[in-house]
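Report on the structure given below.
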Amino acid sequence: MGIRIINDKCVGCTLCVKACPFAAIGMKDRKAVIDLDTCTLCGACVPVCKFEAIELKKEAAAEPAADLSAYKDIWIFAEQRGGKVQSVAFELLTEARKLAEDLKCQVAAVLVGDDNIESEAAQVFSYGADRVYLVTHPELKDYRTAPYTRAVSELMSKYKPEIFLIGASTMGRDLAARLAIRVNAGLTADCTGLSIDPEKKILQQTRPAFGGNIMATIITPNHRPQMATVRPKVFKKINRDVPPGHLSEVIRFKPTINEKDLLVKIVGMIEDESITVNLQEAEIIVSGGRGIADPKHFKLVEDLAEALGGAVGASRATVDAGWISAHHQVGQTGKTVSPKLYVACGISGKIQHLVGMQSSDIIVAINKDPDAPIFKVATYGIVGDLFEIVPAFTRKIKELRG
Amino acid sequence: MDIVVCIKQVPDTTEVKINPETNTLIREGVPSIINPFDENAIEAALKLREAHGGKVTVITMGPPQATEALRKAVAMGVDDVQLISDRAFAGSDTWATSYTLAQAIKSLGKYDLIICGKQAIDGDTAQVGPGIAEWLEIPQVTFAVKIEISEGRARIERLLEEQNEVVEAPLPAMVTVVKQINEPRMPSLKGMMKAKKAEITTKSAADIGADPIKVGLNGSPTRVVKIFTPPAKGGGEMLSGSADEIASALAGKLRELKVI
């Protein structure tokens, strides 16, 4: 195992130096030199070299002998809460259908719950599933890591998916991380782009890293399934009519859940009355920042959110100040969101906030400081007094909506 | 109670800037810090030690320079630190990293609680904590905003999307914590003196009994094939006028785009 520069091929073009995310490549005598103490063998330099002068090798013994062709079809995890399949599952189905065209395979949804969950299957088919694996057990009514991991890993071992997509929600990230180790799969977190390599027919998973400063494309060449969690709202869901005669196959699966899987008990829920719309599922988010100046002014933000039919977000500063609960927080220490419309009111746009919302389709920023970094990512920027502009905009929206 | 905290040294991603001409990362002068969520993990461990007694051990997997992060942990007041470092670990993805840290924890002997930050700010995967729990075959509780221990059980409040969930887990367990759980303490002067002199144990792959084919690049199912800088969004359109004019203009544009 190791990496080396093939000196005969290196022309000293320095492309690899720029591509290295860890500053591990330097130049010496017009040839690239890799500092092996800094290099993490991430492989980012290999494809950028136009002269095939970088060699990254694994030991042959590490290559699994498993028959990858035994794995087929694309699965999605049909996340349900309180017996309702969540929007992210439909987004995954829509994206999985596109990938399935390239792979010429079927799309299956994994629906886990108690016996009542079967009623949700019809909706799952309408967003593009060819098959639903109905995994039921009384202990699977509400999500808990261990019984869900047991149930889904048993299903995976039996039916062997080639690709498994899971929403990057708190539930999805909790489950996927544990599953990947149990079934010995590669897992890429919080993807914002998916495609199929036309030659190798493998999944290319693109995701932000380094606080959103760079994007990385990741593959899982020798392990199956290829697992990824996918950021909610990045892909659009499309409801399609199920054509008559469509297979719509339901496969029932009863997992064996044992005592050891039930050690963690849910003892209660603390509801947050201030949350009316789930931020990560919202199409529109209106957020308030320090520029709101006083907790009572959050009302302006809430009014606009209500008029637009959206959710209320907040910057870290306002949450830390106790103006609003942590469930509203957008950014690195809060939630990552990508709604169709994000309205930032009085948010300066520190990088920690930007990483949580810059993948939104349209960003409107209202701030009195013309140099606020939020304007760098804004589709529409307004330099002005939010106490005038926000209420005027709310009135206008109400007027338009009659 | 024996608590193990897993930390990661990360570049301060908030200090990373993009060179607008070459559209590449500027890495010079970017400081290395303890992953902020891991500082919350250390703080949570110290608080539990204050309440229940016991020992807090901090481990990190990383290159030799990661000792700086461990010294900061000593300065904050932890009892013991260990660097898990070996050339063989290079190229680890979350699968191999969680295996390696689990092996390192096993090599410590007894533990009651493992605490990790919810995710690292450079990779943002949130996969290593649960991975460790799976390798050790112990319960996991992620995104904790409160941890209470009594009679060998942990009562933990989890920060979910719309509400908080309260769960009870037996020990040993692995818990990941969010920023909201606490405010990490500043190192004391005495702590900093201690940190300066601290002898830092380094363990290799062999020391933790790691299987060579499960660590580093060999043990990592995933491969990075491309890294690129996202195209800069570029400044958008600025709207001006009176509040009403702006409101009308904005509503018009959003209508055109079929957002409203």
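Following the order of the structure tokens, chains are lettered A, B, ..., residues in each are numbered from 1, and ligands are numbered from 1.
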
*Any chance you could list, as JSON, numbers by chain, the residues in segment 64-308 of chain A that come up helix (DSSP H, G or I) when DSSP is run on the backbone?*
{"A": [68, 69, 70, 87, 88, 89, 90, 91, 92, 93, 94, 95, 96, 97, 98, 99, 100, 101, 102, 103, 115, 116, 117, 118, 119, 120, 121, 122, 123, 124, 125, 126, 138, 139, 140, 145, 146, 147, 148, 149, 150, 151, 152, 153, 154, 155, 156, 157, 158, 159, 170, 171, 172, 173, 174, 175, 176, 177, 178, 179, 180, 181, 182, 259, 260, 261, 262, 279, 280, 281, 290, 291, 292, 295, 296, 297, 298, 299, 300, 301, 302, 303, 304, 305, 306, 307, 308]}

*Name the residues in contact with Met192 of chain B at a cut-off of 9 Å, using only C-alpha atoms, excluding same-chain residues fewer than 3 positions from it; report them as a list in words.*
Arg71, Lys72, Val74, Ala75, Met76, Pro187, Ser188, Leu189, Ala195, Lys196 and Lys197 of chain B

*Selection: 12 Å around Gly77 of chain B, only C-alpha atoms, excl. self and same-chain fewer than 5 positions, as a count of residues only*: 29

*For segment 155-168 of chain B: contacts at 10 Å, only C-alpha atoms, fewer than 5 positions along chain excluded, given as a count of residues only*: 44

*Between A:Ala151, A:Ile238, A:Ala78, A:Leu56, which has the minimum distance to chain B (counting only C-alpha atoms)?*
A:Leu56

*asked:* Ranking B:Val5, B:Met238, B:Ala104, B:Val30 by minimum distance to chain A and counting only C-alpha atoms, which one comes first?
replied: B:Met238

*Hey, what does DSSP flag as strand (DSSP E or B) within segment 127-315 of chain A? Can you give it to me as JSON, numbers by chain?*
{"A": [131, 132, 133, 134, 135, 136, 163, 164, 165, 166, 167, 186, 187, 188, 189, 190, 191, 193, 194, 195, 196, 203, 204, 205, 206, 207, 208, 209, 214, 215, 216, 217, 218, 219, 226, 227, 228, 229, 230, 249, 250, 251, 252, 253, 265, 266, 267, 268, 269, 270, 271, 284, 285, 286, 287, 288, 311, 312, 313, 314]}

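Using only C-alpha atoms for every distance, the candidate list B:Glu137, B:Thr222, B:Glu199, B:Pro212 yields B:Glu137 as the residue closest to Asp261 of chain A.
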